[in-house]
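Here is model_11.txt, consisting of compact mmCIF, C-alpha atoms:
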```txt
# COMPACT_ATOMS: atom_id res chain seq x y z
CA MET A 172 184.17 88.79 156.70
CA LYS A 173 187.19 88.88 154.51
CA GLN A 174 190.09 91.18 154.85
CA ARG A 175 191.51 92.87 151.82
CA GLY A 176 194.48 94.97 152.30
CA GLU A 177 193.83 97.45 155.06
CA GLY A 178 189.96 97.59 155.02
CA THR A 179 187.33 94.99 155.76
CA THR A 180 184.33 94.17 153.57
CA PHE A 181 181.31 91.89 153.85
CA ASP A 182 180.92 88.95 151.56
CA PHE A 183 177.12 88.63 151.28
CA ARG A 184 177.31 85.41 149.28
CA ALA A 185 179.15 83.77 152.13
CA LEU A 186 176.50 85.00 154.59
CA LEU A 187 173.76 83.36 152.54
CA GLU A 188 175.36 79.96 152.91
CA LYS A 189 173.77 77.60 155.41
CA GLN A 190 176.56 77.88 157.99
CA ASN A 191 176.46 81.69 158.03
CA ARG A 192 172.73 82.33 158.31
CA THR A 193 173.09 83.20 161.99
CA ARG A 194 175.60 85.89 161.10
CA LEU A 195 173.20 87.22 158.46
CA ALA A 196 170.38 87.42 161.02
CA VAL A 197 172.66 89.28 163.46
CA VAL A 198 173.80 91.72 160.77
CA LEU A 199 170.23 92.41 159.61
CA GLY A 200 169.03 92.80 163.22
CA GLY A 201 171.83 95.25 163.95
CA ALA A 202 170.98 97.24 160.83
CA ALA A 203 167.30 97.36 161.85
CA MET A 204 168.19 98.60 165.34
CA LEU A 205 170.48 101.24 163.85
CA LEU A 206 167.66 102.47 161.60
CA LEU A 207 165.27 102.61 164.57
CA LEU A 208 167.81 104.59 166.59
CA LEU A 209 168.36 107.04 163.73
CA SER A 210 164.62 107.54 163.28
CA GLU A 211 164.30 108.46 166.97
CA LEU A 212 167.24 110.86 166.90
CA LEU A 213 166.17 112.78 163.81
CA PRO A 214 163.73 115.61 164.57
CA ALA A 215 160.19 114.97 163.47
CA THR A 216 158.54 117.65 161.40
CA PRO A 217 155.23 118.80 162.87
CA PRO A 218 152.19 118.52 160.61
CA ALA A 219 151.27 121.72 158.83
CA GLU A 220 148.43 123.69 160.38
CA PRO A 221 145.44 124.01 158.07
CA SER A 222 144.93 127.53 156.87
CA ALA A 223 141.62 129.37 156.74
CA ALA A 224 141.53 128.92 152.96
CA SER A 225 141.97 125.16 153.21
CA ALA A 226 139.31 125.00 155.92
CA SER A 227 136.82 126.81 153.69
CA GLN A 228 137.75 124.54 150.78
CA ALA A 229 137.20 121.50 152.99
CA SER A 230 133.82 122.88 154.02
CA VAL A 231 132.78 123.41 150.39
CA TYR A 232 134.02 119.92 149.46
CA ARG A 233 132.13 118.39 152.40
CA GLU A 234 128.89 120.13 151.41
CA GLN A 235 129.23 119.03 147.77
CA LEU A 236 129.97 115.44 148.83
CA GLU A 237 126.96 115.42 151.19
CA ALA A 238 124.67 116.69 148.42
CA GLN A 239 125.95 114.11 145.92
CA LEU A 240 125.56 111.26 148.40
CA GLN A 241 122.09 112.42 149.40
CA ASP A 242 121.01 112.49 145.73
CA LEU A 243 122.54 109.07 145.09
CA ILE A 244 120.90 107.45 148.14
CA GLY A 245 117.59 109.16 147.34
CA GLN A 246 117.52 107.40 143.97
CA ILE A 247 117.55 103.97 145.62
CA ASP A 248 114.08 102.37 145.75
CA GLY A 249 112.75 102.22 149.30
CA ALA A 250 115.36 104.58 150.76
CA GLY A 251 112.82 107.31 151.54
CA ALA A 252 113.94 110.72 152.75
CA THR A 253 117.65 110.73 153.57
CA THR A 254 120.01 113.06 155.34
CA VAL A 255 123.76 112.66 154.89
CA MET A 256 126.43 114.01 157.21
CA VAL A 257 130.10 113.69 156.19
CA THR A 258 132.99 114.26 158.57
CA LEU A 259 136.39 114.90 157.05
CA GLU A 260 139.57 113.98 158.91
CA THR A 261 141.12 117.40 158.38
CA GLY A 262 137.96 119.45 158.73
CA GLU A 263 136.45 120.89 161.86
CA GLU A 264 134.79 118.57 164.35
CA THR A 265 131.44 119.20 166.00
CA VAL A 266 130.77 117.47 169.31
CA TYR A 267 127.07 117.34 170.03
CA ALA A 268 127.14 115.84 173.52
CA THR A 269 129.78 114.95 176.07
CA ASP A 270 129.79 113.02 179.30
CA THR A 271 130.69 115.68 181.84
CA GLN A 272 130.58 113.48 184.90
CA SER A 273 134.01 112.29 185.97
CA GLY A 274 134.76 108.77 187.11
CA GLN A 275 135.40 109.97 190.67
CA THR A 276 132.01 111.70 190.85
CA GLN A 277 130.29 108.57 189.54
CA SER A 278 132.12 106.47 192.14
CA GLN A 279 131.07 108.83 194.95
CA GLU A 280 127.43 108.74 193.81
CA THR A 281 127.49 104.94 193.58
CA HIS A 282 128.89 104.74 197.10
CA ALA A 283 126.22 107.15 198.39
CA GLU A 284 123.48 105.15 196.60
CA ASN A 285 124.68 101.95 198.28
CA GLU A 286 124.79 103.59 201.71
CA ILE A 287 121.28 105.03 201.32
CA GLU A 288 119.88 101.67 200.18
CA THR A 289 121.53 99.86 203.14
CA MET A 290 120.30 102.41 205.69
CA VAL A 291 116.72 102.36 204.34
CA LYS A 292 116.68 98.54 204.51
CA ALA A 293 118.01 98.75 208.07
CA LYS A 294 114.91 100.79 208.99
CA GLY A 295 112.79 97.71 208.29
CA PHE A 296 111.82 98.11 204.66
CA ALA A 297 111.81 94.99 202.47
CA ASP A 298 114.01 96.51 199.73
CA CYS A 299 115.20 99.85 198.38
CA LEU A 300 116.69 101.09 195.13
CA CYS A 301 118.31 104.53 195.03
CA PHE A 302 119.38 106.44 191.94
CA LEU A 303 121.33 109.73 192.29
CA GLN A 304 121.81 111.90 189.21
CA SER A 305 121.92 115.59 188.30
CA GLY A 306 121.11 116.78 191.81
CA ARG A 307 118.10 114.46 192.14
CA ALA A 308 117.44 111.37 194.22
CA ASP A 309 114.90 108.82 193.00
CA LEU A 310 114.10 106.03 195.45
CA THR A 311 111.89 103.00 195.04
CA VAL A 312 111.00 101.49 198.41
CA MET A 313 109.39 98.09 198.77
CA THR A 314 107.07 97.77 201.73
CA SER A 315 105.77 94.53 203.15
CA GLY A 316 102.31 95.68 204.11
CA ASP A 317 100.76 99.05 204.85
CA ALA A 318 101.35 102.24 202.89
CA LEU A 319 104.24 104.51 203.82
CA THR A 320 103.45 106.85 206.68
CA ALA A 321 104.57 110.47 206.86
CA ALA A 322 107.07 109.49 209.58
CA GLN A 323 108.61 106.78 207.36
CA VAL A 324 108.87 109.19 204.42
CA ALA A 325 110.60 111.68 206.74
CA GLN A 326 113.04 108.95 207.86
CA ILE A 327 113.91 108.10 204.25
CA ARG A 328 114.26 111.80 203.38
CA ASP A 329 116.61 112.36 206.33
CA ILE A 330 118.79 109.43 205.24
CA VAL A 331 119.07 110.82 201.70
CA LEU A 332 119.84 114.33 202.98
CA SER A 333 122.57 113.00 205.29
CA LYS A 334 124.29 110.85 202.66
CA SER A 335 124.06 113.08 199.56
CA SER A 336 124.04 116.72 198.48
CA VAL A 337 120.45 116.48 197.18
CA THR A 338 117.96 119.03 198.50
CA ALA A 339 114.63 117.90 199.97
CA GLN A 340 112.54 119.16 197.03
CA ASN A 341 114.58 116.98 194.62
CA ILE A 342 113.84 113.68 196.41
CA THR A 343 111.26 111.36 194.88
CA ILE A 344 110.10 108.31 196.81
CA VAL A 345 107.98 105.67 195.09
CA GLU A 346 106.38 102.90 197.10
CA VAL A 347 106.21 99.37 195.68
CA LYS A 348 104.37 96.52 197.40
```
Could you render the structure as structure tokens?
Amino acid sequence: MKQRGEGTTFDFRALLEKQNRTRLAVVLGGAAMLLLLLSELLPATPPAEPSAASASQASVYREQLEAQLQDLIGQIDGAGATTVMVTLETGEETVYATDTQSGQTQSQETHAENEIETMVKAKGFADCLCFLQSGRADLTVMTSGDALTAAQVAQIRDIVLSKSSVTAQNITIVEVK
């Protein structure tokens, strides 16, 4: 930095010299941080909400684009019957299916499945696989010899009823030898 009279000014040619490259890096870094700070302090303008007219225009554009693409793909040899669906970033979004089961519910069901399997094995069965979903319990029980008796089925049913919220009519037990 050179002083001229009462003010100070930067001499950028001097900063570009080999000895002053560190100063140049510090000056540029400071300027970058100042720009970042200013960008955070200035209020951001929210994006404009799409109007009903622009939504209908987007819908018309989407339909025209789908028709054009369907015609174009239909002209390709071997493409067969085609259906095209275009989704625009600014248009409306259609969600066809969602996973409504929360992580906590899945964790509780997994814990209940493990408990049921352990308790059924403790009753003397060779192996057990339990699957709980949508208010149903599906069990596959491996036996080592004879077919399941009514008493054994009742034992398995009681275990499922005690460890889950499934009703008796929604329990399925399949025997595997």
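In this model, the gap between CA of Arg328 (chain A) and CA of Met313 (chain A) comes to 15.3 Å.
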Quiz item: In terms of the shortest atom-to-atom distance over all atoms listed in the file, which of A:Leu319, A:Ala297, A:Ala229, A:Ala308 is closest to Gln340 (chain A)?
Solution: A:Ala308
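The residue that comes closest to Gln228 (chain A), out of A:Leu310, A:Ala339, A:Leu259, A:Ile287 and on the basis of only C-alpha atoms, is A:Leu259.
Candidate residues A:Ala196, A:Ala252, A:Met290, A:Ala318 were compared for distance to Ile330 (chain A), and the nearest is A:Met290, using only C-alpha atoms.
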Self-check item: Separation of CA of His282 (chain A) from CA of Ser336 (chain A), in Å and rounded to one decimal
Solution: 13.0 Å
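Relative to CA of Val231 (chain A), CA of Asp248 (chain A) is found at 28.5 Å.
The neighbours of Thr254 (chain A) here are the residues that come within 9 Å of it, using only C-alpha atoms and leaving out any residue fewer than 2 positions away in the same chain; they are Glu237, Gln241, Ala252 and Met256 of chain A.
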Practice problem: Fewer than 4 positions away in the same chain doesn't count, so skip those; otherwise give me all residues within 9 Å of Thr338 (chain A), counting only C-alpha atoms, as a count of residues only. | Solution: 6
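Candidate residues A:Leu206, A:Asp309, A:Thr343, A:Lys294 were compared for distance to Gln323 (chain A), and the nearest is A:Lys294, using all atoms listed in the file.
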Practice problem: Find, counting only C-alpha atoms, the residue in A:Val198, A:Ile327, A:Leu213, A:Leu207 that gets nearest to Thr311 (chain A). | Solution: A:Ile327
Output, as AutoDock Vina command-line options, the centre and edge lengths in Å (one decimal) of the axis-aligned box that contains all listed atoms of region 200-211 of chain A with 3 Å of margin on each side.
```
--center_x 168.1 --center_y 100.6 --center_z 163.9 --size_x 13.5 --size_y 21.7 --size_z 12.1
```
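The nearest approach to Tyr232 (chain A) among the residues A:Thr193, A:Thr258, A:Thr289, A:Gln246, with all atoms listed in the file taken into account, belongs to A:Thr258.
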Quiz item: Do you know which residues are at most 10 Å from Gly295 (chain A) counting only C-alpha atoms, after dropping those on the same chain fewer than 4 positions away, and could you put them as a PyMOL selection string?
Solution: chain A and resi 290-291+314-315
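Residues surrounding Glu284 (chain A) within 7 Å are Glu280, Thr281, His282, Glu286, Ile287, Glu288, Cys301, Phe302 and Leu303 of chain A [all atoms listed in the file; sequence separation below 2 positions excluded].
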Supply region 278-297 of chain A as a PDB file, in the frame of the given file, with N, CA and C atoms built in where the input has gaps.
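What follows is the written file out-v2.pdb:
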```
ATOM      1  N   SER A 278     131.782 107.400 191.061  1.00  0.00           N
ATOM      2  CA  SER A 278     132.120 106.470 192.140  1.00  0.00           C
ATOM      3  C   SER A 278     131.541 106.967 193.465  1.00  0.00           C
ATOM      4  N   GLN A 279     131.619 108.268 193.720  1.00  0.00           N
ATOM      5  CA  GLN A 279     131.070 108.830 194.950  1.00  0.00           C
ATOM      6  C   GLN A 279     129.552 108.657 194.980  1.00  0.00           C
ATOM      7  N   GLU A 280     128.889 108.893 193.858  1.00  0.00           N
ATOM      8  CA  GLU A 280     127.430 108.740 193.810  1.00  0.00           C
ATOM      9  C   GLU A 280     127.033 107.285 194.006  1.00  0.00           C
ATOM     10  N   THR A 281     127.787 106.363 193.415  1.00  0.00           N
ATOM     11  CA  THR A 281     127.490 104.940 193.580  1.00  0.00           C
ATOM     12  C   THR A 281     127.639 104.540 195.032  1.00  0.00           C
ATOM     13  N   HIS A 282     128.676 105.035 195.684  1.00  0.00           N
ATOM     14  CA  HIS A 282     128.890 104.740 197.100  1.00  0.00           C
ATOM     15  C   HIS A 282     127.738 105.303 197.945  1.00  0.00           C
ATOM     16  N   ALA A 283     127.328 106.541 197.656  1.00  0.00           N
ATOM     17  CA  ALA A 283     126.220 107.150 198.390  1.00  0.00           C
ATOM     18  C   ALA A 283     124.924 106.383 198.147  1.00  0.00           C
ATOM     19  N   GLU A 284     124.679 105.947 196.904  1.00  0.00           N
ATOM     20  CA  GLU A 284     123.480 105.150 196.600  1.00  0.00           C
ATOM     21  C   GLU A 284     123.454 103.874 197.433  1.00  0.00           C
ATOM     22  N   ASN A 285     124.607 103.192 197.500  1.00  0.00           N
ATOM     23  CA  ASN A 285     124.680 101.950 198.280  1.00  0.00           C
ATOM     24  C   ASN A 285     124.432 102.196 199.760  1.00  0.00           C
ATOM     25  N   GLU A 286     125.001 103.266 200.297  1.00  0.00           N
ATOM     26  CA  GLU A 286     124.790 103.590 201.710  1.00  0.00           C
ATOM     27  C   GLU A 286     123.326 103.897 201.998  1.00  0.00           C
ATOM     28  N   ILE A 287     122.695 104.682 201.128  1.00  0.00           N
ATOM     29  CA  ILE A 287     121.280 105.030 201.320  1.00  0.00           C
ATOM     30  C   ILE A 287     120.426 103.773 201.284  1.00  0.00           C
ATOM     31  N   GLU A 288     120.655 102.904 200.295  1.00  0.00           N
ATOM     32  CA  GLU A 288     119.880 101.670 200.180  1.00  0.00           C
ATOM     33  C   GLU A 288     120.048 100.809 201.440  1.00  0.00           C
ATOM     34  N   THR A 289     121.262 100.674 201.943  1.00  0.00           N
ATOM     35  CA  THR A 289     121.530  99.860 203.140  1.00  0.00           C
ATOM     36  C   THR A 289     120.841 100.450 204.361  1.00  0.00           C
ATOM     37  N   MET A 290     120.906 101.776 204.519  1.00  0.00           N
ATOM     38  CA  MET A 290     120.300 102.410 205.690  1.00  0.00           C
ATOM     39  C   MET A 290     118.769 102.329 205.648  1.00  0.00           C
ATOM     40  N   VAL A 291     118.184 102.458 204.454  1.00  0.00           N
ATOM     41  CA  VAL A 291     116.720 102.360 204.340  1.00  0.00           C
ATOM     42  C   VAL A 291     116.283 100.933 204.672  1.00  0.00           C
ATOM     43  N   LYS A 292     117.002  99.936 204.187  1.00  0.00           N
ATOM     44  CA  LYS A 292     116.680  98.540 204.510  1.00  0.00           C
ATOM     45  C   LYS A 292     116.820  98.279 205.998  1.00  0.00           C
ATOM     46  N   ALA A 293     117.798  98.925 206.631  1.00  0.00           N
ATOM     47  CA  ALA A 293     118.010  98.750 208.070  1.00  0.00           C
ATOM     48  C   ALA A 293     116.845  99.320 208.886  1.00  0.00           C
ATOM     49  N   LYS A 294     116.073 100.223 208.306  1.00  0.00           N
ATOM     50  CA  LYS A 294     114.910 100.790 208.990  1.00  0.00           C
ATOM     51  C   LYS A 294     113.698  99.860 208.935  1.00  0.00           C
ATOM     52  N   GLY A 295     113.863  98.690 208.296  1.00  0.00           N
ATOM     53  CA  GLY A 295     112.790  97.710 208.290  1.00  0.00           C
ATOM     54  C   GLY A 295     112.036  97.571 206.988  1.00  0.00           C
ATOM     55  N   PHE A 296     112.484  98.237 205.952  1.00  0.00           N
ATOM     56  CA  PHE A 296     111.820  98.110 204.660  1.00  0.00           C
ATOM     57  C   PHE A 296     112.323  96.866 203.941  1.00  0.00           C
ATOM     58  N   ALA A 297     111.459  96.246 203.135  1.00  0.00           N
ATOM     59  CA  ALA A 297     111.810  94.990 202.470  1.00  0.00           C
ATOM     60  C   ALA A 297     112.963  95.179 201.489  1.00  0.00           C
TER      61      ALA A 297
END
```
